[in-house]
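To be precise, the following lines are final.txt, and they hold compact mmCIF, C-alpha atoms and all ligand atoms.
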```txt
# COMPACT_ATOMS: atom_id res chain seq x y z
CA MET A 1298 3.22 20.39 -17.61
CA THR A 1299 0.05 18.34 -17.17
CA LEU A 1300 0.89 14.79 -16.23
CA THR A 1301 -1.86 12.60 -17.58
CA GLY A 1302 -2.21 9.36 -19.52
CA ASN A 1303 -4.11 6.15 -20.19
CA TRP A 1304 -1.80 3.26 -19.42
CA SER A 1305 -2.31 -0.46 -19.81
CA TYR A 1306 0.61 -1.67 -17.75
CA PRO A 1307 0.39 -3.52 -15.38
CA THR A 1308 -3.37 -2.91 -15.65
CA ALA A 1309 -5.64 -0.19 -17.07
CA ILE A 1310 -4.69 3.06 -15.34
CA ARG A 1311 -6.50 6.34 -15.88
CA PHE A 1312 -3.84 8.71 -14.68
CA GLY A 1313 -4.25 12.42 -14.12
CA ALA A 1314 -5.65 15.22 -11.99
CA GLY A 1315 -9.46 15.35 -11.85
CA ARG A 1316 -9.99 11.89 -13.32
CA ILE A 1317 -12.05 10.77 -10.35
CA ARG A 1318 -14.86 12.21 -12.51
CA GLU A 1319 -14.54 9.00 -14.56
CA LEU A 1320 -15.40 6.76 -11.61
CA ALA A 1321 -18.77 5.60 -12.91
CA ASP A 1322 -17.32 4.98 -16.36
CA ALA A 1323 -14.47 2.98 -14.81
CA CYS A 1324 -17.06 0.82 -13.02
CA ARG A 1325 -18.85 0.17 -16.30
CA ALA A 1326 -15.54 -0.70 -17.97
CA ALA A 1327 -14.93 -3.22 -15.17
CA GLY A 1328 -18.43 -4.68 -15.59
CA ILE A 1329 -19.73 -3.33 -12.28
CA ARG A 1330 -23.32 -2.12 -11.99
CA LYS A 1331 -23.80 -2.15 -8.24
CA PRO A 1332 -20.51 -1.23 -6.63
CA LEU A 1333 -19.65 -1.29 -2.93
CA LEU A 1334 -17.15 1.44 -2.12
CA VAL A 1335 -14.76 0.16 0.56
CA THR A 1336 -12.54 2.56 2.48
CA ASP A 1337 -11.21 3.06 6.00
CA ARG A 1338 -12.88 4.83 8.92
CA GLY A 1339 -10.69 7.91 8.65
CA LEU A 1340 -11.54 8.57 5.02
CA ALA A 1341 -15.29 7.89 5.26
CA PRO A 1342 -16.35 11.42 6.28
CA LEU A 1343 -13.89 13.30 4.06
CA GLU A 1344 -15.00 15.25 1.02
CA ILE A 1345 -13.05 13.14 -1.45
CA THR A 1346 -15.08 10.12 -0.33
CA THR A 1347 -18.51 11.75 -0.26
CA ARG A 1348 -17.79 13.25 -3.69
CA ALA A 1349 -16.97 9.79 -5.07
CA LEU A 1350 -20.27 8.51 -3.66
CA ASP A 1351 -22.06 11.49 -5.23
CA LEU A 1352 -20.56 10.61 -8.62
CA LEU A 1353 -21.82 7.04 -8.32
CA GLU A 1354 -25.28 8.10 -7.25
CA GLU A 1355 -25.57 10.67 -10.05
CA ALA A 1356 -24.66 7.95 -12.56
CA GLY A 1357 -27.31 5.58 -11.22
CA LEU A 1358 -24.85 3.16 -9.62
CA GLY A 1359 -26.21 3.55 -6.08
CA ARG A 1360 -24.45 4.90 -3.01
CA ALA A 1361 -23.07 2.02 -0.98
CA LEU A 1362 -20.23 2.48 1.48
CA PHE A 1363 -18.41 0.09 3.80
CA ALA A 1364 -15.86 1.84 6.03
CA GLU A 1365 -15.49 -0.35 9.12
CA VAL A 1366 -11.83 -0.73 8.23
CA ASP A 1367 -8.91 -0.20 10.61
CA PRO A 1368 -5.42 0.92 9.65
CA ASN A 1369 -3.50 -2.36 9.22
CA PRO A 1370 -6.84 -4.05 8.40
CA ASN A 1371 -7.70 -7.48 9.79
CA GLU A 1372 -9.93 -10.48 9.08
CA ARG A 1373 -12.75 -9.12 11.23
CA ASN A 1374 -12.95 -6.02 9.01
CA LEU A 1375 -12.96 -8.41 6.06
CA GLU A 1376 -15.78 -10.59 7.37
CA ALA A 1377 -17.92 -7.53 8.06
CA GLY A 1378 -17.22 -6.21 4.56
CA VAL A 1379 -18.09 -9.51 2.91
CA ASP A 1380 -21.38 -9.58 4.84
CA VAL A 1381 -22.26 -6.11 3.56
CA PHE A 1382 -21.25 -7.04 0.01
CA ARG A 1383 -23.46 -10.13 0.05
CA ALA A 1384 -26.40 -8.48 1.81
CA GLY A 1385 -26.39 -5.65 -0.72
CA ALA A 1386 -26.12 -8.03 -3.71
CA HIS A 1387 -23.15 -6.04 -5.00
CA ASP A 1388 -21.31 -7.12 -8.14
CA GLY A 1389 -17.98 -5.38 -7.64
CA VAL A 1390 -15.84 -3.30 -5.32
CA ILE A 1391 -14.37 0.17 -5.49
CA ALA A 1392 -11.28 -0.16 -3.30
CA PHE A 1393 -10.71 3.42 -2.17
CA GLY A 1394 -8.02 4.77 0.11
CA GLY A 1395 -4.52 4.27 1.26
CA GLY A 1396 -3.13 0.75 1.53
CA SER A 1397 -5.64 -0.07 4.27
CA GLY A 1398 -8.77 0.72 2.24
CA LEU A 1399 -7.28 -0.65 -0.98
CA ASP A 1400 -6.12 -3.93 0.57
CA LEU A 1401 -9.35 -4.58 2.43
CA GLY A 1402 -11.49 -3.63 -0.58
CA LYS A 1403 -9.53 -5.99 -2.81
CA MET A 1404 -10.06 -8.79 -0.28
CA VAL A 1405 -13.81 -8.17 -0.05
CA ALA A 1406 -14.01 -8.70 -3.82
CA PHE A 1407 -11.76 -11.75 -3.55
CA MET A 1408 -13.53 -13.42 -0.62
CA ALA A 1409 -17.12 -12.48 -1.45
CA ARG A 1410 -17.86 -15.87 -2.94
CA GLN A 1411 -15.06 -18.19 -1.74
CA SER A 1412 -15.78 -21.14 0.52
CA ARG A 1413 -12.37 -21.51 2.21
CA PRO A 1414 -10.96 -19.25 4.94
CA ILE A 1415 -8.75 -16.31 3.98
CA TRP A 1416 -5.61 -17.81 5.53
CA ASP A 1417 -5.74 -20.67 2.99
CA PHE A 1418 -4.69 -18.14 0.35
CA GLU A 1419 -1.51 -16.87 1.93
CA ASP A 1420 1.26 -16.09 -0.55
CA ILE A 1421 3.00 -19.45 -0.21
CA GLY A 1422 3.83 -21.66 -3.19
CA ASP A 1423 0.73 -22.25 -5.31
CA TRP A 1424 -1.81 -21.78 -2.51
CA TRP A 1425 -3.57 -19.18 -4.67
CA THR A 1426 -4.72 -21.98 -6.98
CA ARG A 1427 -7.01 -23.12 -4.15
CA ALA A 1428 -9.28 -20.16 -4.89
CA ASP A 1429 -12.22 -20.23 -7.27
CA ALA A 1430 -10.91 -17.61 -9.70
CA ASP A 1431 -14.23 -17.18 -11.50
CA ALA A 1432 -15.91 -16.18 -8.24
CA ILE A 1433 -13.70 -13.13 -7.73
CA ALA A 1434 -15.67 -9.90 -8.15
CA PRO A 1435 -14.21 -7.11 -10.31
CA ILE A 1436 -12.26 -4.33 -8.62
CA VAL A 1437 -11.79 -0.64 -9.43
CA ALA A 1438 -8.97 0.82 -7.32
CA VAL A 1439 -8.68 4.49 -6.33
CA PRO A 1440 -5.58 5.35 -4.29
CA THR A 1441 -5.75 8.36 -1.96
CA THR A 1442 -2.18 8.06 -0.67
CA ALA A 1443 0.96 7.73 -2.77
CA GLY A 1444 2.81 4.91 -1.09
CA THR A 1445 1.79 1.27 -1.05
CA GLY A 1446 1.08 0.89 -4.76
CA SER A 1447 -1.57 -1.64 -3.75
CA GLU A 1448 -3.71 -0.28 -6.59
CA VAL A 1449 -1.46 -2.11 -9.05
CA GLY A 1450 -0.68 -5.10 -6.83
CA ARG A 1451 -1.94 -8.67 -6.80
CA ALA A 1452 -1.79 -9.04 -3.04
CA SER A 1453 -3.23 -7.58 0.15
CA VAL A 1454 -1.66 -7.41 3.59
CA ILE A 1455 -4.16 -8.55 6.22
CA THR A 1456 -3.38 -8.74 9.93
CA ASN A 1457 -4.52 -11.85 11.78
CA SER A 1458 -6.11 -10.28 14.85
CA GLN A 1459 -5.75 -13.51 16.88
CA THR A 1460 -2.06 -14.14 16.25
CA HIS A 1461 -1.05 -10.54 15.50
CA VAL A 1462 0.76 -11.59 12.35
CA LYS A 1463 0.56 -9.71 9.05
CA LYS A 1464 -0.15 -12.13 6.23
CA ILE A 1465 0.21 -11.49 2.51
CA ILE A 1466 -2.78 -12.86 0.60
CA PHE A 1467 -2.10 -13.34 -3.11
CA HIS A 1468 -4.10 -14.06 -6.22
CA PRO A 1469 -3.32 -12.83 -9.75
CA ARG A 1470 -6.96 -11.81 -10.24
CA VAL A 1471 -6.81 -9.52 -7.22
CA LEU A 1472 -5.06 -7.06 -9.54
CA PRO A 1473 -7.69 -4.33 -10.03
CA SER A 1474 -9.21 -4.24 -13.53
CA VAL A 1475 -9.19 -0.44 -13.63
CA VAL A 1476 -7.25 2.11 -11.57
CA ILE A 1477 -8.09 5.78 -11.28
CA ALA A 1478 -4.87 7.49 -10.23
CA ASP A 1479 -5.92 11.06 -9.49
CA PRO A 1480 -3.21 13.01 -7.67
CA GLU A 1481 -5.73 15.63 -6.48
CA LEU A 1482 -7.11 13.01 -4.08
CA THR A 1483 -3.81 12.96 -2.18
CA VAL A 1484 -3.60 16.70 -1.50
CA GLY A 1485 -5.42 16.52 1.85
CA MET A 1486 -3.20 13.89 3.46
CA PRO A 1487 -1.83 14.93 6.85
CA LYS A 1488 1.86 15.86 6.50
CA ALA A 1489 3.06 12.84 8.46
CA ILE A 1490 1.06 10.50 6.19
CA THR A 1491 2.41 12.22 3.06
CA ALA A 1492 5.91 11.55 4.38
CA GLY A 1493 5.31 8.04 5.70
CA THR A 1494 3.51 6.81 2.58
CA GLY A 1495 6.06 8.43 0.25
CA LEU A 1496 8.84 6.71 2.15
CA ASP A 1497 7.00 3.38 1.76
CA ALA A 1498 7.19 3.86 -2.01
CA PHE A 1499 10.88 4.69 -1.56
CA ALA A 1500 11.43 1.53 0.52
CA HIS A 1501 9.76 -0.60 -2.16
CA CYS A 1502 12.11 0.82 -4.78
CA VAL A 1503 15.24 0.58 -2.61
CA GLU A 1504 14.51 -3.01 -1.60
CA ALA A 1505 13.61 -4.09 -5.14
CA PHE A 1506 16.78 -2.42 -6.44
CA SER A 1507 18.83 -4.19 -3.75
CA SER A 1508 17.28 -7.61 -4.31
CA PRO A 1509 19.66 -10.07 -5.98
CA HIS A 1510 16.97 -11.74 -8.10
CA TYR A 1511 17.21 -11.43 -11.89
CA HIS A 1512 14.44 -9.10 -13.08
CA PRO A 1513 15.87 -6.25 -15.18
CA MET A 1514 12.46 -4.71 -15.91
CA SER A 1515 11.69 -4.28 -12.24
CA HIS A 1516 15.25 -3.18 -11.56
CA GLY A 1517 14.93 -0.30 -14.01
CA ILE A 1518 11.54 0.72 -12.64
CA ALA A 1519 12.97 0.72 -9.12
CA LEU A 1520 15.75 3.11 -10.13
CA GLU A 1521 13.39 5.62 -11.72
CA GLY A 1522 10.99 5.24 -8.80
CA MET A 1523 13.76 6.21 -6.37
CA ARG A 1524 14.55 9.30 -8.45
CA LEU A 1525 10.91 10.39 -8.50
CA VAL A 1526 10.61 10.11 -4.72
CA ILE A 1527 13.89 11.91 -4.11
CA GLU A 1528 12.87 14.81 -6.33
CA ASN A 1529 9.18 15.05 -5.47
CA LEU A 1530 8.62 14.05 -1.85
CA PRO A 1531 10.27 17.25 -0.55
CA ARG A 1532 8.07 19.27 -2.92
CA VAL A 1533 4.77 17.75 -1.76
CA TYR A 1534 5.83 17.90 1.87
CA ASP A 1535 6.54 21.62 1.61
CA ARG A 1536 3.66 22.48 -0.76
CA PRO A 1537 0.82 19.97 -0.41
CA ASP A 1538 -1.07 21.33 -3.45
CA ASP A 1539 1.84 20.96 -5.91
CA ILE A 1540 -0.14 18.74 -8.30
CA GLU A 1541 2.76 17.95 -10.61
CA ALA A 1542 4.83 16.67 -7.69
CA ARG A 1543 1.78 14.80 -6.31
CA ALA A 1544 1.39 13.15 -9.73
CA ASN A 1545 5.03 12.10 -9.74
CA MET A 1546 4.64 10.63 -6.25
CA MET A 1547 1.56 8.72 -7.37
CA SER A 1548 3.57 7.28 -10.25
CA ALA A 1549 6.44 6.40 -7.93
CA ALA A 1550 4.05 4.53 -5.64
CA ALA A 1551 2.70 2.41 -8.49
CA MET A 1552 6.24 1.85 -9.74
CA GLY A 1553 7.40 0.65 -6.33
CA ALA A 1554 4.73 -2.03 -6.31
CA VAL A 1555 5.62 -3.16 -9.84
CA ALA A 1556 9.30 -3.15 -8.91
CA PHE A 1557 8.92 -5.30 -5.84
CA GLN A 1558 7.89 -8.25 -7.95
CA LYS A 1559 11.71 -8.54 -7.96
CA GLY A 1560 11.67 -8.94 -4.19
CA LEU A 1561 11.48 -6.99 -0.96
CA GLY A 1562 13.89 -7.48 1.91
CA ALA A 1563 14.75 -6.92 5.55
CA ILE A 1564 13.00 -3.54 5.80
CA HIS A 1565 9.62 -5.14 5.12
CA ALA A 1566 10.48 -8.33 7.03
CA MET A 1567 11.03 -6.08 10.09
CA SER A 1568 8.18 -3.71 9.44
CA HIS A 1569 5.46 -6.37 9.17
CA PRO A 1570 5.95 -7.73 12.73
CA VAL A 1571 6.39 -4.21 14.12
CA GLY A 1572 3.15 -3.08 12.47
CA ALA A 1573 1.25 -6.18 13.55
CA LEU A 1574 2.38 -6.03 17.20
CA PHE A 1575 2.45 -2.26 17.77
CA ASN A 1576 0.02 -0.97 15.11
CA THR A 1577 2.56 1.54 13.76
CA HIS A 1578 2.23 3.24 10.38
CA HIS A 1579 3.78 0.95 7.77
CA GLY A 1580 5.75 3.42 5.66
CA THR A 1581 7.02 5.37 8.66
CA THR A 1582 8.21 2.10 10.21
CA ASN A 1583 10.06 1.21 7.01
CA ALA A 1584 11.79 4.57 6.97
CA VAL A 1585 13.08 4.10 10.52
CA CYS A 1586 14.39 0.62 9.64
CA MET A 1587 16.10 1.57 6.36
CA PRO A 1588 19.46 2.91 7.65
CA ALA A 1589 20.22 -0.24 9.68
CA VAL A 1590 19.24 -2.48 6.76
CA LEU A 1591 21.47 -0.56 4.33
CA ASP A 1592 24.37 -1.06 6.76
CA LEU A 1593 23.76 -4.82 6.89
CA ASN A 1594 23.45 -5.13 3.11
CA GLU A 1595 26.29 -2.76 2.24
CA PRO A 1596 28.82 -5.38 1.03
CA GLN A 1597 26.26 -6.74 -1.45
CA ILE A 1598 24.75 -3.47 -2.67
CA ARG A 1599 27.67 -1.02 -2.69
CA ASP A 1600 28.45 -1.49 -6.40
CA ARG A 1601 24.91 -1.02 -7.62
CA PHE A 1602 24.37 2.13 -5.54
CA ASP A 1603 27.75 3.46 -6.72
CA ARG A 1604 26.28 3.28 -10.23
CA ALA A 1605 22.84 4.59 -9.26
CA ALA A 1606 23.93 7.57 -7.17
CA PRO A 1607 24.85 9.93 -10.05
CA TYR A 1608 21.46 9.27 -11.69
CA LEU A 1609 19.77 10.03 -8.37
CA GLY A 1610 21.66 13.31 -8.12
CA ILE A 1611 23.71 12.12 -5.15
CA ASP A 1612 27.49 12.55 -4.85
CA GLY A 1613 29.71 9.94 -3.27
CA GLY A 1614 28.28 6.66 -4.54
CA TYR A 1615 26.94 4.23 -1.95
CA ASP A 1616 28.34 6.26 0.97
CA GLY A 1617 26.63 9.36 -0.35
CA PHE A 1618 23.36 7.45 -0.70
CA ARG A 1619 23.62 6.09 2.85
CA ALA A 1620 24.15 9.59 4.25
CA PHE A 1621 21.36 10.93 2.04
CA VAL A 1622 18.84 8.42 3.45
CA GLN A 1623 19.38 9.59 7.02
CA ALA A 1624 19.13 13.25 6.04
CA PHE A 1625 16.00 12.51 3.95
CA ASN A 1626 14.31 10.87 6.97
CA ASP A 1627 15.33 13.75 9.22
CA ARG A 1628 13.89 16.29 6.79
CA PHE A 1629 10.43 14.75 7.17
CA GLY A 1630 10.54 14.41 10.94
CA ILE A 1631 10.89 10.63 10.86
CA PRO A 1632 12.15 9.46 14.26
CA ARG A 1633 15.59 7.86 14.34
CA LYS A 1634 14.43 4.97 16.52
CA LEU A 1635 11.41 2.64 16.59
CA SER A 1636 11.07 3.27 20.33
CA ALA A 1637 9.66 6.68 19.38
CA LEU A 1638 6.81 4.81 17.63
CA GLY A 1639 6.08 2.84 20.82
CA VAL A 1640 8.06 -0.29 19.94
CA SER A 1641 9.40 -2.09 23.00
CA PRO A 1642 12.68 -4.06 23.05
CA ALA A 1643 10.92 -6.66 25.23
CA ARG A 1644 9.37 -8.12 22.06
CA ILE A 1645 12.59 -8.42 20.02
CA GLY A 1646 12.58 -12.21 20.34
CA ASP A 1647 9.04 -12.44 18.95
CA MET A 1648 9.76 -9.94 16.19
CA VAL A 1649 12.87 -11.85 15.07
CA ALA A 1650 10.87 -15.08 14.89
CA MET A 1651 8.08 -13.38 12.94
CA ALA A 1652 10.51 -11.64 10.59
CA LEU A 1653 12.18 -14.95 9.74
CA GLU A 1654 8.78 -16.29 8.67
CA ASP A 1655 7.98 -13.25 6.52
CA PRO A 1656 8.12 -13.87 2.76
CA SER A 1657 9.92 -10.52 2.29
CA CYS A 1658 13.07 -12.17 3.72
CA GLY A 1659 13.68 -13.98 0.44
CA GLY A 1660 14.62 -10.80 -1.43
CA ASN A 1661 17.24 -9.52 0.98
CA PRO A 1662 20.74 -9.55 -0.54
CA VAL A 1663 22.27 -10.82 2.74
CA ALA A 1664 20.65 -14.00 4.06
CA LEU A 1665 18.64 -13.17 7.17
CA THR A 1666 19.29 -15.12 10.35
CA THR A 1667 18.23 -14.99 13.97
CA ASP A 1668 21.51 -13.24 14.80
CA ASN A 1669 21.54 -10.54 12.15
CA LEU A 1670 17.82 -9.82 12.58
CA ARG A 1671 18.33 -9.43 16.32
CA SER A 1672 21.14 -6.95 15.60
CA LEU A 1673 18.91 -5.09 13.13
CA PHE A 1674 16.09 -4.75 15.67
CA GLU A 1675 18.54 -3.67 18.38
CA ALA A 1676 19.96 -1.01 16.07
CA ALA A 1677 16.50 0.19 14.95
CA ILE A 1678 14.79 0.25 18.37
N1 LIG A 1701 -0.82 -4.53 -0.83
C1 LIG A 1701 0.43 -4.13 -0.82
O1 LIG A 1701 1.19 -4.44 -1.70
C2 LIG A 1701 0.92 -3.27 0.31
C3 LIG A 1701 2.20 -2.69 0.23
C4 LIG A 1701 2.62 -1.90 1.29
C5 LIG A 1701 1.79 -1.68 2.38
N2 LIG A 1701 0.56 -2.26 2.46
C6 LIG A 1701 -0.35 -2.07 3.59
O2 LIG A 1701 -0.99 -0.81 3.44
C7 LIG A 1701 -1.33 -0.28 4.72
C8 LIG A 1701 -0.80 1.12 4.85
O3 LIG A 1701 -1.34 1.95 3.85
P1 LIG A 1701 -1.04 3.53 3.83
O4 LIG A 1701 0.36 3.75 4.21
O5 LIG A 1701 -1.49 4.04 2.53
O6 LIG A 1701 -1.92 4.09 5.04
P2 LIG A 1701 -3.46 3.90 5.41
O7 LIG A 1701 -4.26 3.42 4.28
O8 LIG A 1701 -3.53 3.12 6.68
O9 LIG A 1701 -3.86 5.42 5.68
C9 LIG A 1701 -3.24 6.13 6.74
C10 LIG A 1701 -4.19 7.20 7.27
O10 LIG A 1701 -4.32 8.24 6.30
C11 LIG A 1701 -5.68 8.52 6.08
N3 LIG A 1701 -5.79 8.97 4.68
C12 LIG A 1701 -5.56 8.24 3.56
N4 LIG A 1701 -5.67 9.01 2.47
C13 LIG A 1701 -6.00 10.25 2.88
C14 LIG A 1701 -6.26 11.49 2.21
N5 LIG A 1701 -6.17 11.60 0.89
N6 LIG A 1701 -6.59 12.56 2.96
C15 LIG A 1701 -6.65 12.46 4.32
N7 LIG A 1701 -6.38 11.33 5.01
C16 LIG A 1701 -6.08 10.24 4.29
C17 LIG A 1701 -6.43 7.25 6.40
O11 LIG A 1701 -7.74 7.49 6.78
C18 LIG A 1701 -5.60 6.70 7.55
O12 LIG A 1701 -6.02 7.25 8.78
C19 LIG A 1701 -0.73 -1.25 5.73
O13 LIG A 1701 -1.73 -2.14 6.18
C20 LIG A 1701 0.31 -1.98 4.93
O14 LIG A 1701 0.62 -3.25 5.46
C21 LIG A 1701 0.13 -3.03 1.41
FE FE A 1702 5.48 -1.41 1.95
```

Rewritten as structure tokens:
Amino acid sequence: MTLTGNWSYPTAIRFGAGRIRELADACRAAGIRKPLLVTDRGLAPLEITTRALDLLEEAGLGRALFAEVDPNPNERNLEAGVDVFRAGAHDGVIAFGGGSGLDLGKMVAFMARQSRPIWDFEDIGDWWTRADADAIAPIVAVPTTAGTGSEVGRASVITNSQTHVKKIIFHPRVLPSVVIADPELTVGMPKAITAGTGLDAFAHCVEAFSSPHYHPMSHGIALEGMRLVIENLPRVYDRPDDIEARANMMSAAAMGAVAFQKGLGAIHAMSHPVGALFNTHHGTTNAVCMPAVLDLNEPQIRDRFDRAAPYLGIDGGYDGFRAFVQAFNDRFGIPRKLSALGVSPARIGDMVAMALEDPSCGGNPVALTTDNLRSLFEAAI
């Protein structure tokens, strides 16, 4: 079966294998004539990136690339990108990559013509209204991993390189105008990135599904997103060129990001400080944290996972799901402890303090405190 479609929710999505061919047309649809393609260092030399640049050049849209972007991108990457955007008189951004390239690209478009510093737009209260919305350049997003769902998100995660804190920067107009979701672009991911990014999508769905907030639309999307990851991540891990399974993972990633409008939780509250202090891969970090977080939340989430488990093809209700999660991680070679990712227990005090400040805390079904976060980090490290 060919999985393809033109969707308008939550933004215009051109979904299907090979649709990167429509890149120039997507730029025109977004009102972009002189795009800057923003991606990360690792992707810059790869064929999927040079091919995208070829497509732009052939269509007369120039060939402009900015790739000085680190994994877990920071404000220095952003400033350099904004300089290139301004110097080249660009009128829009193609945010291309995994979460790192997508998030930084979205921020280049956002910050290109703002006068206030990036940290003034953190996702707190109505801080986003401080931005000049009309000055935000249009964005076409092209995911090359199936994990963060940043292509359909209104926020970017940017690390403050001075304080080593990951900040969520939010504006409704940071939602890309057009997305090209082409599963063929994800085929070349290293196995560990396929697993780690897929488990990020899974964490988004699990945390959204666990969140106590009232948002039935997102709740339903989270449930189907979990099913898609459970059924398709093993397939793409074993057979990287299984395009149908890659397509389902790409859908699950977008669904996770839509679902977490309902809330995230302790997994992400832990993972943000860990990633900021130790530069670990985000989705892999989430996967290591998930078992301990499920144990903490169990009294509040048991009933809903009892109901979900049969739909997910898992016997034994919540207990079956809990056992499944550990086995799922093991299948993909995810370490059981954060220490294997280089995380040191010496920083637990700092990580607890940073986690308490993280906006993801608000969606956890059990209120997070210094004590229970310390226990979570001790269990996970
Ligand atoms: N905006 C959001 O809502 C949101 C949500 C979750 C995570 N994030 C952020 O996203 C970032 C993580 O993104 P990620 O997990 O997608 O990883 P990533 O973007 O950092 O990419 C990981 C590595 O994979 C490589 N890569 C990506 N696609 C590839 C491909 N198709 N073929 C070969 N190599 C490829 C990259 O070059 C990089 O080295 C973190 O900064 C995280 O905080 C953002
Ligand atoms: Fe995430």

Neighbours of stretch 1392-1408 of chain A within 7 Å (all atoms listed in the file; same-chain residues fewer than 2 positions away dropped), as a PDB file with C-alpha atoms, keeping the file's coordinate frame?
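Writing done, so here's part-v8.pdb:
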```
ATOM      1  CA  LEU A1334     -17.150   1.440  -2.120  1.00  0.00           C
ATOM      2  CA  VAL A1335     -14.760   0.160   0.560  1.00  0.00           C
ATOM      3  CA  THR A1336     -12.540   2.560   2.480  1.00  0.00           C
ATOM      4  CA  ASP A1337     -11.210   3.060   6.000  1.00  0.00           C
ATOM      5  CA  VAL A1366     -11.830  -0.730   8.230  1.00  0.00           C
ATOM      6  CA  PRO A1368      -5.420   0.920   9.650  1.00  0.00           C
ATOM      7  CA  ASN A1369      -3.500  -2.360   9.220  1.00  0.00           C
ATOM      8  CA  PRO A1370      -6.840  -4.050   8.400  1.00  0.00           C
ATOM      9  CA  LEU A1375     -12.960  -8.410   6.060  1.00  0.00           C
ATOM     10  CA  GLY A1378     -17.220  -6.210   4.560  1.00  0.00           C
ATOM     11  CA  VAL A1379     -18.090  -9.510   2.910  1.00  0.00           C
ATOM     12  CA  GLY A1389     -17.980  -5.380  -7.640  1.00  0.00           C
ATOM     13  CA  VAL A1390     -15.840  -3.300  -5.320  1.00  0.00           C
ATOM     14  CA  ARG A1410     -17.860 -15.870  -2.940  1.00  0.00           C
ATOM     15  CA  GLN A1411     -15.060 -18.190  -1.740  1.00  0.00           C
ATOM     16  CA  ILE A1433     -13.700 -13.130  -7.730  1.00  0.00           C
ATOM     17  CA  ALA A1434     -15.670  -9.900  -8.150  1.00  0.00           C
ATOM     18  CA  PRO A1435     -14.210  -7.110 -10.310  1.00  0.00           C
ATOM     19  CA  ILE A1436     -12.260  -4.330  -8.620  1.00  0.00           C
ATOM     20  CA  VAL A1437     -11.790  -0.640  -9.430  1.00  0.00           C
ATOM     21  CA  ALA A1438      -8.970   0.820  -7.320  1.00  0.00           C
ATOM     22  CA  VAL A1439      -8.680   4.490  -6.330  1.00  0.00           C
ATOM     23  CA  PRO A1440      -5.580   5.350  -4.290  1.00  0.00           C
ATOM     24  CA  THR A1441      -5.750   8.360  -1.960  1.00  0.00           C
ATOM     25  CA  THR A1442      -2.180   8.060  -0.670  1.00  0.00           C
ATOM     26  CA  THR A1445       1.790   1.270  -1.050  1.00  0.00           C
ATOM     27  CA  SER A1447      -1.570  -1.640  -3.750  1.00  0.00           C
ATOM     28  CA  GLU A1448      -3.710  -0.280  -6.590  1.00  0.00           C
ATOM     29  CA  SER A1453      -3.230  -7.580   0.150  1.00  0.00           C
ATOM     30  CA  VAL A1454      -1.660  -7.410   3.590  1.00  0.00           C
ATOM     31  CA  VAL A1471      -6.810  -9.520  -7.220  1.00  0.00           C
TER      32      VAL A1471
END
```

**OP:** Rounded to one decimal place, report the atom CA of A:Ala1443-atom CA of A:His1461 distance in Å.
**Re:**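 Going from atom CA of A:Ala1443 over to atom CA of A:His1461 covers 25.9 Å.
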
Subject >> Within 10 Å of A:Gln1623 using all atoms listed in the file, minus same-chain residues under 2 positions, as an MDAnalysis selection string >> reply: chainID A and resid 1584:1585 1587:1588 1618:1621 1625:1628 1631 1633

Original post:
Can you tell me, as a PyMOL selection string, what residues are no more than 8 Å from A:Lys1463 when counting all atoms listed in the file, ignoring any on the same chain fewer than 4 positions away?
Top reply: chain A and resi 1454-1457+1569-1570+1572-1573

Subject >> Nearest residue to A:Met1514 from the set A:Lys1559, A:Arg1532, A:Ala1664, A:Ile1540 (distances using only C-alpha atoms) >> reply: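 Closest candidate: A:Lys1559.
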
Subject >> Within 12 Å of ligand FE 1702 (chain A) (only C-alpha atoms and all ligand atoms), residues as a ChimeraX atom specification >> reply: /A:1369,1395-1397,1400,1443-1447,1450,1452-1454,1463,1465,1493-1505,1550-1551,1553-1557,1560-1569,1572,1578-1584,1586-1587,1657

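In this comparison, which uses all atoms listed in the file, the residue of A:Ala1327, A:Ala1478, A:Ile1345, A:Ala1606 approaching ligand LIG 1701 (chain A) most closely is A:Ile1345.
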
Original post:
Mind listing as a list in words all residues within 9 Å of (12.5, -13.8, 8.8), counting only C-alpha atoms?
Top reply: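 Selection result: Ala1563, Ala1566, Met1567, Met1648, Val1649, Ala1650, Met1651, Ala1652, Leu1653, Glu1654, Asp1655, Pro1656, Ser1657, Cys1658, Gly1659, Leu1665, Thr1666, Thr1667 and Leu1670 of chain A.
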